[in-house]
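Data from target-v1.txt: compact mmCIF, C-alpha atoms and all ligand atoms
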```
# COMPACT_ATOMS: atom_id res chain seq x y z
CA MET O 1 72.56 45.94 121.86
CA LEU O 2 74.11 46.89 118.52
CA ASP O 3 70.78 48.23 117.21
CA TRP O 4 70.28 50.32 120.28
CA ALA O 5 73.83 51.64 119.96
CA ARG O 6 73.19 52.53 116.31
CA ARG O 7 70.11 54.54 117.30
CA LEU O 8 72.06 56.39 119.98
CA ASP O 9 74.86 57.16 117.52
CA ALA O 10 72.34 58.50 114.99
CA GLY O 11 70.94 60.91 117.58
CA ASP O 12 74.29 61.88 119.15
CA PRO O 13 74.69 65.70 119.18
CA LEU O 14 78.50 65.27 119.23
CA GLY O 15 78.52 62.52 116.58
CA ALA O 16 79.79 64.80 113.80
CA TRP O 17 82.92 65.75 115.76
CA ARG O 18 84.52 62.42 114.82
CA GLU O 19 84.90 63.82 111.33
CA ARG O 20 87.29 66.43 112.71
CA PHE O 21 89.77 63.65 113.51
CA GLN O 22 92.19 61.71 111.33
CA ILE O 23 90.79 58.16 111.47
CA PRO O 24 92.37 55.87 108.86
CA ASP O 25 90.37 52.80 109.95
CA PRO O 26 86.71 53.64 110.62
CA ASP O 27 85.99 50.02 111.57
CA LEU O 28 88.35 50.11 114.52
CA ALA O 29 86.59 50.44 117.89
CA TYR O 30 89.13 52.65 119.64
CA LEU O 31 88.55 52.56 123.40
CA ASP O 32 91.92 53.89 124.43
CA GLY O 33 91.45 57.63 123.95
CA ASN O 34 91.90 57.97 127.70
CA SER O 35 95.49 56.81 127.18
CA LEU O 36 96.21 58.44 123.85
CA GLY O 37 93.57 60.60 122.18
CA MET O 38 93.11 60.51 118.40
CA PRO O 39 94.77 63.17 116.21
CA PRO O 40 92.57 66.12 115.21
CA LYS O 41 92.92 66.95 111.49
CA ARG O 42 93.73 70.55 112.37
CA THR O 43 96.76 69.28 114.33
CA LEU O 44 98.28 67.80 111.18
CA GLU O 45 98.02 71.20 109.48
CA ARG O 46 99.31 73.09 112.50
CA VAL O 47 102.36 70.89 112.95
CA GLN O 48 103.18 71.32 109.27
CA THR O 49 102.87 75.08 109.60
CA VAL O 50 105.11 75.13 112.66
CA ILE O 51 107.80 73.14 110.88
CA ARG O 52 107.54 74.68 107.41
CA ASP O 53 106.74 78.33 108.11
CA GLU O 54 107.86 78.96 111.66
CA TRP O 55 110.90 76.70 112.01
CA ALA O 56 112.20 76.53 108.43
CA GLY O 57 110.93 79.98 107.44
CA GLY O 58 111.37 81.98 110.62
CA LEU O 59 114.28 80.07 112.14
CA ILE O 60 115.48 81.64 115.40
CA ARG O 61 113.25 84.67 114.82
CA SER O 62 110.22 82.53 115.60
CA TRP O 63 111.21 82.37 119.26
CA GLU O 64 109.76 85.84 119.58
CA ASP O 65 106.34 84.27 119.17
CA TRP O 66 107.12 80.87 120.70
CA LEU O 67 108.56 82.18 123.95
CA ASP O 68 105.29 82.60 125.83
CA LEU O 69 103.49 79.72 124.12
CA PRO O 70 103.37 77.66 127.38
CA GLN O 71 101.39 80.47 129.05
CA ARG O 72 99.21 81.15 125.98
CA VAL O 73 98.25 77.50 125.67
CA GLY O 74 97.72 77.47 129.44
CA ASP O 75 95.25 80.33 129.08
CA ARG O 76 93.35 78.35 126.45
CA LEU O 77 93.23 75.33 128.71
CA ALA O 78 92.26 77.28 131.85
CA PRO O 79 88.49 77.59 131.18
CA LEU O 80 88.26 73.85 130.50
CA ILE O 81 89.43 73.09 134.05
CA GLY O 82 87.75 76.01 135.78
CA ALA O 83 90.95 78.03 136.22
CA GLY O 84 91.57 81.69 135.45
CA ALA O 85 93.87 83.35 132.93
CA GLY O 86 97.45 83.45 134.18
CA GLU O 87 97.06 80.36 136.39
CA VAL O 88 98.02 77.56 133.99
CA THR O 89 101.12 76.69 131.98
CA VAL O 90 101.49 73.82 129.51
CA HIS O 91 105.01 72.42 129.67
CA ASP O 92 107.20 69.42 130.46
CA SER O 93 105.67 66.12 131.51
CA THR O 94 102.98 65.51 134.11
CA THR O 95 105.54 63.60 136.18
CA VAL O 96 108.02 66.49 136.22
CA ASN O 97 105.26 68.99 136.95
CA LEU O 98 103.98 66.84 139.79
CA TYR O 99 107.47 66.66 141.27
CA GLN O 100 107.79 70.43 141.11
CA LEU O 101 104.43 71.21 142.68
CA VAL O 102 104.69 68.59 145.43
CA VAL O 103 108.11 69.90 146.51
CA ALA O 104 106.85 73.49 146.32
CA ALA O 105 103.79 72.49 148.41
CA VAL O 106 105.97 70.76 151.00
CA ARG O 107 108.02 73.95 151.26
CA LEU O 108 104.79 75.84 152.01
CA ARG O 109 104.21 73.63 155.08
CA PRO O 110 107.66 73.63 156.72
CA ASP O 111 106.25 72.62 160.11
CA ARG O 112 104.85 69.30 158.77
CA SER O 113 106.62 66.20 157.53
CA VAL O 114 103.98 63.91 156.01
CA ILE O 115 102.84 63.43 152.39
CA ALA O 116 99.61 61.46 151.94
CA ILE O 117 98.79 59.37 148.88
CA GLU O 118 96.78 56.21 148.19
CA SER O 119 98.62 53.02 147.30
CA LYS O 120 96.14 52.44 144.47
CA ASP O 121 96.93 55.77 142.80
CA PHE O 122 98.77 55.96 139.49
CA PRO O 123 102.36 54.63 139.77
CA THR O 124 104.19 57.78 138.68
CA ASP O 125 102.43 59.76 141.41
CA ARG O 126 103.42 57.22 144.07
CA TYR O 127 107.00 56.96 142.83
CA VAL O 128 107.41 60.74 142.76
CA VAL O 129 106.03 61.04 146.29
CA ASP O 130 108.27 58.24 147.58
CA GLY O 131 111.31 59.87 145.97
CA ILE O 132 110.55 63.28 147.45
CA ALA O 133 109.97 61.76 150.88
CA ARG O 134 113.27 59.84 150.68
CA ALA O 135 115.25 62.88 149.57
CA ARG O 136 113.74 65.19 152.18
CA GLY O 137 113.36 62.85 155.15
CA LEU O 138 109.54 62.94 155.07
CA THR O 139 107.01 60.21 155.84
CA VAL O 140 104.50 58.84 153.35
CA GLN O 141 101.02 58.19 154.73
CA GLU O 142 98.62 55.76 153.05
CA GLY O 143 95.24 57.40 152.38
CA PHE O 144 93.49 60.57 153.43
CA ASP O 145 91.26 59.56 156.34
CA ASP O 146 93.28 61.57 158.83
CA LEU O 147 94.92 64.72 157.46
CA GLY O 148 96.09 66.09 160.80
CA GLY O 149 99.83 66.67 160.48
CA VAL O 150 99.80 66.07 156.72
CA ALA O 151 101.70 68.70 154.74
CA VAL O 152 100.55 67.68 151.27
CA ALA O 153 97.99 65.23 149.90
CA VAL O 154 98.55 64.01 146.34
CA ARG O 155 95.30 62.86 144.74
CA SER O 156 93.90 61.89 141.37
CA MET O 157 90.53 63.48 140.75
CA ILE O 158 89.48 60.51 138.60
CA ASP O 159 90.86 57.08 139.39
CA TYR O 160 92.80 55.60 136.46
CA ARG O 161 91.39 52.11 137.02
CA SER O 162 87.82 52.38 138.30
CA ALA O 163 87.01 55.91 136.95
CA GLU O 164 85.71 56.91 140.38
CA ILE O 165 85.53 60.70 140.83
CA VAL O 166 86.66 62.33 144.05
CA ASP O 167 84.60 65.32 145.23
CA LEU O 168 87.17 68.01 144.48
CA ALA O 169 85.46 70.78 146.44
CA ALA O 170 84.65 68.73 149.52
CA GLU O 171 88.09 67.15 149.72
CA THR O 172 89.90 70.42 149.08
CA ALA O 173 87.88 72.05 151.89
CA ARG O 174 88.53 69.14 154.26
CA ALA O 175 92.28 69.35 153.58
CA ARG O 176 92.25 73.08 154.15
CA ARG O 177 90.50 72.67 157.51
CA ALA O 178 93.25 70.21 158.48
CA GLY O 179 95.98 72.61 157.34
CA ALA O 180 97.11 70.44 154.40
CA LEU O 181 97.61 71.39 150.76
CA VAL O 182 96.34 69.14 147.96
CA VAL O 183 98.15 68.63 144.65
CA TRP O 184 95.45 67.32 142.31
CA ASP O 185 96.29 65.07 139.37
CA LEU O 186 93.70 65.87 136.69
CA SER O 187 95.11 63.52 134.05
CA HIS O 188 91.85 61.57 133.65
CA ALA O 189 89.64 64.63 134.08
CA ALA O 190 91.06 67.37 131.85
CA GLY O 191 89.09 67.62 128.62
CA LEU O 192 86.36 65.33 129.93
CA HIS O 193 84.94 66.92 133.04
CA PRO O 194 84.37 70.62 133.80
CA VAL O 195 86.75 70.34 136.74
CA GLY O 196 85.97 73.67 138.44
CA LEU O 197 89.31 74.31 140.16
CA HIS O 198 88.44 77.82 141.31
CA ALA O 199 84.96 76.94 142.44
CA ALA O 200 86.47 74.14 144.51
CA GLY O 201 89.11 76.43 146.03
CA ALA O 202 91.82 74.12 144.66
CA GLU O 203 95.34 75.50 144.91
CA LEU O 204 97.63 73.20 142.94
CA ALA O 205 97.08 70.73 140.09
CA VAL O 206 98.81 68.96 137.23
CA GLY O 207 97.59 66.83 134.35
CA CYS O 208 98.08 65.40 130.86
CA THR O 209 97.10 66.81 127.48
CA TYR O 210 97.54 63.61 125.46
CA LYS O 211 94.44 61.85 126.80
CA PHE O 212 91.03 63.52 126.43
CA LEU O 213 92.62 66.71 125.13
CA ASN O 214 94.04 64.86 122.12
CA GLY O 215 97.39 66.65 122.27
CA GLY O 216 99.44 63.79 120.79
CA PRO O 217 101.92 61.21 122.06
CA GLY O 218 104.06 62.69 124.82
CA ALA O 219 102.33 66.06 124.52
CA PRO O 220 103.31 68.34 127.42
CA GLY O 221 101.54 68.24 130.76
CA PHE O 222 100.20 71.27 132.60
CA SER O 223 100.66 73.02 135.92
CA TYR O 224 97.93 74.99 137.69
CA VAL O 225 98.64 77.30 140.60
CA ALA O 226 95.86 79.40 142.14
CA GLY O 227 96.61 83.09 141.57
CA SER O 228 96.79 83.82 145.29
CA LEU O 229 99.58 81.26 145.74
CA ILE O 230 101.80 81.96 142.72
CA GLU O 231 104.18 84.44 144.32
CA GLN O 232 104.76 82.16 147.31
CA LEU O 233 105.63 79.18 145.13
CA ASP O 234 109.24 78.07 145.63
CA GLN O 235 110.03 75.73 142.74
CA PRO O 236 112.77 73.13 143.12
CA ILE O 237 113.97 73.10 139.49
CA GLN O 238 115.35 76.56 138.96
CA GLY O 239 115.45 76.71 135.19
CA TRP O 240 116.05 79.80 133.11
CA PHE O 241 112.50 79.87 131.69
CA ALA O 242 111.28 80.74 135.19
CA GLN O 243 113.79 83.56 135.54
CA VAL O 244 112.39 87.05 135.91
CA ASP O 245 114.54 88.62 133.21
CA GLN O 246 115.49 85.54 131.26
CA PHE O 247 117.78 87.05 128.66
CA ALA O 248 119.69 89.27 131.05
CA MET O 249 121.58 86.03 131.79
CA GLY O 250 121.96 87.13 135.41
CA SER O 251 124.15 85.26 137.86
CA ALA O 252 121.45 84.49 140.45
CA PHE O 253 118.05 82.86 140.05
CA ALA O 254 115.11 85.20 140.66
CA PRO O 255 111.76 83.59 139.87
CA ARG O 256 109.13 85.44 137.86
CA PRO O 257 106.20 86.80 139.86
CA ASP O 258 103.64 85.19 137.52
CA ILE O 259 102.65 81.66 136.48
CA GLY O 260 105.80 81.62 134.31
CA ARG O 261 107.71 80.60 137.44
CA THR O 262 106.40 77.05 136.93
CA LEU O 263 108.42 76.78 133.71
CA ILE O 264 111.80 75.07 133.59
CA GLY O 265 113.70 74.93 130.30
CA THR O 266 113.13 75.33 126.56
CA PRO O 267 109.64 74.04 125.69
CA GLY O 268 109.12 71.53 122.86
CA ILE O 269 107.29 73.80 120.47
CA ILE O 270 105.97 71.16 118.06
CA GLY O 271 104.34 69.18 120.87
CA LEU O 272 103.03 72.34 122.46
CA ALA O 273 101.46 73.52 119.21
CA ALA O 274 99.82 70.11 118.78
CA ALA O 275 98.49 70.30 122.34
CA GLU O 276 97.06 73.74 121.60
CA GLU O 277 95.03 72.34 118.70
CA GLY O 278 93.61 69.51 120.81
CA ILE O 279 92.73 71.97 123.57
CA ALA O 280 91.14 74.41 121.11
CA LEU O 281 89.05 71.66 119.53
CA THR O 282 87.83 70.53 122.95
CA ALA O 283 86.90 74.08 123.87
CA GLU O 284 84.99 74.47 120.60
CA ALA O 285 83.00 71.28 121.17
CA GLY O 286 82.19 72.49 124.71
CA ILE O 287 83.18 70.79 127.95
CA ASP O 288 79.57 70.53 129.17
CA ALA O 289 78.46 68.75 126.00
CA ILE O 290 81.48 66.46 126.29
CA ARG O 291 80.66 65.64 129.89
CA ALA O 292 77.01 64.97 129.00
CA LYS O 293 78.03 62.44 126.35
CA SER O 294 80.60 60.90 128.68
CA ILE O 295 77.85 60.28 131.24
CA ALA O 296 75.58 58.79 128.58
CA LEU O 297 78.33 56.50 127.24
CA GLY O 298 79.06 55.31 130.77
CA ARG O 299 75.39 54.64 131.48
CA PHE O 300 75.06 52.70 128.24
CA ALA O 301 78.13 50.59 129.04
CA LEU O 302 77.10 49.86 132.64
CA ASP O 303 73.56 49.04 131.62
CA TRP O 304 74.87 46.45 129.17
CA CYS O 305 77.41 45.10 131.67
CA ASP O 306 74.43 44.39 133.94
CA ARG O 307 72.35 42.77 131.21
CA LEU O 308 75.25 40.60 130.11
CA GLY O 309 76.29 39.84 133.69
CA LEU O 310 79.77 41.39 133.31
CA ASP O 311 81.50 42.41 136.51
CA THR O 312 82.39 46.09 136.88
CA SER O 313 83.46 48.28 139.79
CA THR O 314 82.96 51.55 137.90
CA PRO O 315 80.57 53.75 139.93
CA ARG O 316 76.89 53.78 138.87
CA ASP O 317 76.36 57.29 140.14
CA ASP O 318 76.88 59.62 137.15
CA HIS O 319 78.44 62.26 139.39
CA ARG O 320 81.02 59.83 140.71
CA ARG O 321 82.03 58.28 137.36
CA GLY O 322 84.69 59.52 134.94
CA GLY O 323 85.22 58.59 131.32
CA HIS O 324 86.03 54.90 131.31
CA VAL O 325 84.36 51.70 132.34
CA CYS O 326 86.31 48.86 133.82
CA VAL O 327 85.24 45.27 133.35
CA HIS O 328 86.77 42.69 135.67
CA HIS O 329 87.66 39.38 134.08
CA PRO O 330 89.88 36.57 135.41
CA ASN O 331 91.71 36.47 132.07
CA ALA O 332 91.64 40.20 131.48
CA ARG O 333 95.10 40.37 129.91
CA ALA O 334 94.39 37.66 127.33
CA VAL O 335 90.87 38.96 126.64
CA THR O 336 92.20 42.50 126.02
CA ALA O 337 94.77 41.09 123.57
CA ARG O 338 92.09 39.07 121.76
CA LEU O 339 89.81 42.11 121.57
CA ALA O 340 92.48 43.70 119.38
CA THR O 341 93.49 40.72 117.27
CA GLU O 342 90.10 39.08 116.75
CA HIS O 343 87.50 41.82 117.19
CA GLY O 344 89.05 45.10 116.03
CA VAL O 345 88.64 46.62 119.51
CA LEU O 346 91.53 48.49 121.14
CA ALA O 347 91.18 48.66 124.92
CA ASP O 348 93.58 48.62 127.87
CA PHE O 349 94.53 45.92 130.31
CA ARG O 350 95.24 47.14 133.83
CA GLU O 351 96.54 44.97 136.64
CA PRO O 352 95.27 42.79 138.14
CA ASP O 353 92.08 41.89 136.25
CA VAL O 354 90.76 45.00 134.54
CA ILE O 355 89.75 45.51 130.92
CA ARG O 356 89.52 49.28 130.69
CA LEU O 357 87.14 50.64 128.08
CA GLY O 358 87.99 54.30 127.58
CA CYS O 359 85.21 56.47 126.20
CA SER O 360 86.32 59.73 124.58
CA PRO O 361 83.15 61.66 123.84
CA LEU O 362 84.44 63.37 120.67
CA THR O 363 85.49 60.13 118.99
CA THR O 364 83.88 57.15 120.73
CA ARG O 365 80.66 55.77 119.27
CA TYR O 366 78.05 53.89 121.26
CA GLY O 367 78.61 51.20 118.63
CA ASP O 368 82.26 50.91 119.67
CA VAL O 369 81.25 50.25 123.28
CA ALA O 370 78.59 47.75 122.22
CA ARG O 371 81.07 45.84 120.04
CA ALA O 372 83.59 45.69 122.88
CA LEU O 373 81.09 44.40 125.42
CA ALA O 374 79.63 41.85 123.00
CA ALA O 375 83.17 40.62 122.29
CA VAL O 376 84.08 40.35 126.00
CA ASP O 377 80.81 38.49 126.57
CA SER O 378 81.66 36.03 123.78
CA MET O 379 84.97 35.20 125.44
CA ARG O 380 83.55 33.94 128.76
C1 LIG V 401 96.89 59.71 136.63
C2 LIG V 401 98.11 59.86 135.80
N1 LIG V 401 99.11 60.66 136.20
C3 LIG V 401 100.24 60.80 135.48
C4 LIG V 401 100.42 60.11 134.29
C5 LIG V 401 101.72 60.09 133.53
O1 LIG V 401 102.28 61.25 133.23
P1 LIG V 401 103.51 61.39 132.23
O2 LIG V 401 102.95 62.10 131.04
O3 LIG V 401 104.51 62.14 132.97
O4 LIG V 401 103.98 60.02 131.84
C6 LIG V 401 99.40 59.30 133.82
C7 LIG V 401 99.58 58.59 132.55
O5 LIG V 401 98.80 57.81 132.09
C8 LIG V 401 98.23 59.16 134.59
O6 LIG V 401 97.24 58.35 134.19
```

Can I see the file as structure tokens?
Ligand SMILES: Cc1ncc(COP(=O)(O)O)c(C=O)c1O
Amino acid sequence: MLDWARRLDAGDPLGAWRERFQIPDPDLAYLDGNSLGMPPKRTLERVQTVIRDEWAGGLIRSWEDWLDLPQRVGDRLAPLIGAGAGEVTVHDSTTVNLYQLVVAAVRLRPDRSVIAIESKDFPTDRYVVDGIARARGLTVQEGFDDLGGVAVAVRSMIDYRSAEIVDLAAETARARRAGALVVWDLSHAAGLHPVGLHAAGAELAVGCTYKFLNGGPGAPGFSYVAGSLIEQLDQPIQGWFAQVDQFAMGSAFAPRPDIGRTLIGTPGIIGLAAAEEGIALTAEAGIDAIRAKSIALGRFALDWCDRLGLDTSTPRDDHRRGGHVCVHHPNARAVTARLATEHGVLADFREPDVIRLGCSPLTTRYGDVARALAAVDSMR
């Protein structure tokens, strides 16, 4: 397995991109880039520039350039998720952005009182939905089989545990036929998969930049609103960054007519600048090349799971599989801990029995995956 992995690494068209990252320990098999991507070297320089030249040097004058950074970074991210210019902002956390867009979506369907979500979806999404339902007297429906009467469906495009991909276009169309809006969570898709929001007719989405986009710990999330919907969007958090003439300091809130109405308060510029570098690097490498390697890494991992007899529920179909491979193991928590302490492999444990091997195409080597699987196999 290791020899085969070495051959694949030698022929990997994206192999050289690892050198663009700060990697102090080349022997570490890092299979957690889907939780926290590695730092690009250019990010270290950019953050220094922001602090030294823009903050220290420019002081308050730098706000002139910083003010529309959330929209500018959004425009850089847009092509990576199949959105247009002026439809994406990078700001706040994914959780806050999800809250905003779900409430705004509910307001767009005043005649309906149901929000649909799956109980296996990521906790923050479920908690946010439950909180909104409680505050607004709405009902939460489990699953999406029947969307009649549903105001808003909240869905992850790629499942955080199994990596299963939902058919964005088909499910968006089905929701539309039923009169429901979908708020897509692209956290495990952005920077990995050419999402194709426009092509799918998707109207609302949020996601993270600290995973496959390598934006850094706690890097801001993003909001996407289809151009046709922006002016109808009634945001619940009426912050001054969404105000039409922000510095007029007017007495009443009047939201901007553009994507800027998704903003809330003062953006964290250092994190935003770091996110921009991760996004720019991803765009340079090319989302199609990234997706192609992601598919190949997944195939390699699943093939070896089968040969070793390891249990996985990650989809075999390349079109239905995202960027990680989950291996079920009765002692998954202990095995994941031992992978780190005894084998130099960083992976994730996810309840109840999942060892999650995250494959980030710009930094993950086939050899990393092979080492992880061999180590799991040795612990049975
Ligand atoms: C699917 C999904 N949604 C949302 C989040 C969390 O977002 P936040 O950055 O607000 O913690 C995560 C984090 O891992 C996630 O996997």

>> Report as a PyMOL selection string all protein, DNA and RNA residues lying within 12 Å of Ala296 in chain O, evaluated on only C-alpha atoms, omitting residues in the same chain fewer than 4 positions from it.
In response: chain O and resi 5+8-9+12-14+289-292+300-303+316-319+321-325+359-361+364-366+369

>> Neighbouring residues of Ile237 in chain O were defined as those with any atom within 9 Å, considering only C-alpha atoms; residues of the same chain fewer than 3 positions away were excluded. Please report them as a VMD selection string.
In response: chain O and resid 100 262 to 264

>> Can you pull out the residues contacting Trp304 in chain O? Cut-off 10 Å, using all atoms listed in the file, and skip same-chain residues under 3 positions away; I want them as a list of chain:residue names.
In response: O:Met1, O:Gly298, O:Arg299, O:Phe300, O:Ala301, O:Arg307, O:Leu308, O:Gly309, O:Leu310, O:Val369, O:Ala370, O:Leu373, O:Ala374

> Hey, which of O:Tyr99, O:Trp55, O:Phe144, O:Tyr30 ends up closest to ligand LIG 401 (chain V)? Count all atoms listed in the file.
Replying inline: O:Tyr99

What are the closest atom pairs, with distances in Å to one decimal, for all residues of chain O lying within 8 Å of ligand LIG 401 (chain V)? Consider only C-alpha atoms and all ligand atoms, order rows by chain and residue number, and present the result as a Markdown table.
```
| residue | atom | partner | partner_atom | distance |
| --- | --- | --- | --- | --- |
| O:Ser35 | CA | V:LIG401 | O5 | 6.0 |
| O:Ser93 | CA | V:LIG401 | O3 | 4.4 |
| O:Thr94 | CA | V:LIG401 | O3 | 3.9 |
| O:Thr95 | CA | V:LIG401 | O3 | 3.7 |
| O:Val96 | CA | V:LIG401 | O3 | 6.5 |
| O:Asn97 | CA | V:LIG401 | O3 | 8.0 |
| O:Asp121 | CA | V:LIG401 | C1 | 7.3 |
| O:Phe122 | CA | V:LIG401 | C1 | 5.1 |
| O:Pro123 | CA | V:LIG401 | N1 | 7.7 |
| O:Thr124 | CA | V:LIG401 | C3 | 5.9 |
| O:Asp125 | CA | V:LIG401 | N1 | 6.2 |
| O:Ser156 | CA | V:LIG401 | C1 | 6.0 |
| O:Ile158 | CA | V:LIG401 | C1 | 7.7 |
| O:Asp159 | CA | V:LIG401 | C1 | 7.1 |
| O:Tyr160 | CA | V:LIG401 | O6 | 5.7 |
| O:Asp185 | CA | V:LIG401 | C1 | 6.0 |
| O:Leu186 | CA | V:LIG401 | C1 | 6.9 |
| O:Ser187 | CA | V:LIG401 | C1 | 4.9 |
| O:His188 | CA | V:LIG401 | C1 | 6.1 |
| O:Gly207 | CA | V:LIG401 | N1 | 6.6 |
| O:Cys208 | CA | V:LIG401 | O2 | 5.9 |
| O:Tyr210 | CA | V:LIG401 | O2 | 7.9 |
| O:Lys211 | CA | V:LIG401 | O5 | 8.0 |
| O:Gly218 | CA | V:LIG401 | O2 | 6.3 |
| O:Ala219 | CA | V:LIG401 | O2 | 7.7 |
| O:Pro220 | CA | V:LIG401 | O2 | 7.2 |
| O:Gly221 | CA | V:LIG401 | O2 | 6.3 |
```

>> List the spatial neighbours of range 67-75 of chain O as number ranges by chain - criterion: any atom at most 8 Å away, only C-alpha atoms, same-chain residues fewer than 4 positions off excluded.
In response: O: 63, 79, 84-91, 222, 259-260, 267, 269, 272, 275-276

> Do you know which residues are at most 12 Å from Met249 in chain O counting all atoms listed in the file, after dropping those on the same chain fewer than 6 positions away, and could you put them as number ranges by chain?
Replying inline: O: 239-241, 243

Those selected residues, please, written with C-alpha atoms and delivered as a PDB file, keeping the file's coordinate frame.
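In the end it all went to again18.pdb:
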```pdb
ATOM      1  CA  GLY O 239     115.450  76.710 135.190  1.00  0.00           C
ATOM      2  CA  TRP O 240     116.050  79.800 133.110  1.00  0.00           C
ATOM      3  CA  PHE O 241     112.500  79.870 131.690  1.00  0.00           C
ATOM      4  CA  GLN O 243     113.790  83.560 135.540  1.00  0.00           C
TER       5      GLN O 243
END
```

> Which is closest to Glu171 in chain O among O:Gly250, O:Pro24, O:Gly278, O:Gly201, if we use only C-alpha atoms?
Replying inline: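 Using only C-alpha atoms, the shortest distance to Glu171 in chain O belongs to O:Gly201.
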
> From the set O:Ile60, O:Val152, O:Leu98, O:Ile165, which residue has the shortest atom-to-atom contact distance to Ile115 in chain O, counting all atoms listed in the file?
Replying inline: O:Val152

> So what do you get for CA of Asp3 in chain O versus CA of Thr341 in chain O, distance-wise?
Replying inline: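 Between these atoms lies a distance of 23.9 Å.
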
Because some atoms of range 265-276 of chain O are absent here, can you restore N, CA and C atoms and send them as a PDB file, in the frame of the given file?
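result-v4.pdb, freshly written:
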```pdb
ATOM      1  N   GLY O 265     112.764  74.668 131.390  1.00  0.00           N
ATOM      2  CA  GLY O 265     113.700  74.930 130.300  1.00  0.00           C
ATOM      3  C   GLY O 265     112.959  75.120 128.979  1.00  0.00           C
ATOM      4  N   THR O 266     113.695  75.067 127.897  1.00  0.00           N
ATOM      5  CA  THR O 266     113.130  75.330 126.560  1.00  0.00           C
ATOM      6  C   THR O 266     111.970  74.377 126.246  1.00  0.00           C
ATOM      7  N   PRO O 267     110.782  74.920 125.965  1.00  0.00           N
ATOM      8  CA  PRO O 267     109.640  74.040 125.690  1.00  0.00           C
ATOM      9  C   PRO O 267     109.734  73.407 124.299  1.00  0.00           C
ATOM     10  N   GLY O 268     109.204  72.193 124.171  1.00  0.00           N
ATOM     11  CA  GLY O 268     109.120  71.530 122.860  1.00  0.00           C
ATOM     12  C   GLY O 268     107.973  72.134 122.076  1.00  0.00           C
ATOM     13  N   ILE O 269     108.316  72.988 121.127  1.00  0.00           N
ATOM     14  CA  ILE O 269     107.290  73.800 120.470  1.00  0.00           C
ATOM     15  C   ILE O 269     106.333  72.967 119.606  1.00  0.00           C
ATOM     16  N   ILE O 270     106.843  71.931 118.957  1.00  0.00           N
ATOM     17  CA  ILE O 270     105.970  71.160 118.060  1.00  0.00           C
ATOM     18  C   ILE O 270     104.879  70.453 118.890  1.00  0.00           C
ATOM     19  N   GLY O 271     105.300  69.852 120.000  1.00  0.00           N
ATOM     20  CA  GLY O 271     104.340  69.180 120.870  1.00  0.00           C
ATOM     21  C   GLY O 271     103.356  70.159 121.503  1.00  0.00           C
ATOM     22  N   LEU O 272     103.864  71.315 121.829  1.00  0.00           N
ATOM     23  CA  LEU O 272     103.030  72.340 122.460  1.00  0.00           C
ATOM     24  C   LEU O 272     101.973  72.858 121.480  1.00  0.00           C
ATOM     25  N   ALA O 273     102.407  73.048 120.243  1.00  0.00           N
ATOM     26  CA  ALA O 273     101.460  73.520 119.210  1.00  0.00           C
ATOM     27  C   ALA O 273     100.391  72.457 118.967  1.00  0.00           C
ATOM     28  N   ALA O 274     100.795  71.195 118.969  1.00  0.00           N
ATOM     29  CA  ALA O 274      99.820  70.110 118.780  1.00  0.00           C
ATOM     30  C   ALA O 274      98.840  70.090 119.958  1.00  0.00           C
ATOM     31  N   ALA O 275      99.364  70.278 121.158  1.00  0.00           N
ATOM     32  CA  ALA O 275      98.490  70.300 122.340  1.00  0.00           C
ATOM     33  C   ALA O 275      97.487  71.445 122.228  1.00  0.00           C
ATOM     34  N   GLU O 276      97.960  72.578 121.723  1.00  0.00           N
ATOM     35  CA  GLU O 276      97.060  73.740 121.600  1.00  0.00           C
ATOM     36  C   GLU O 276      95.870  73.412 120.692  1.00  0.00           C
TER      37      GLU O 276
END
```
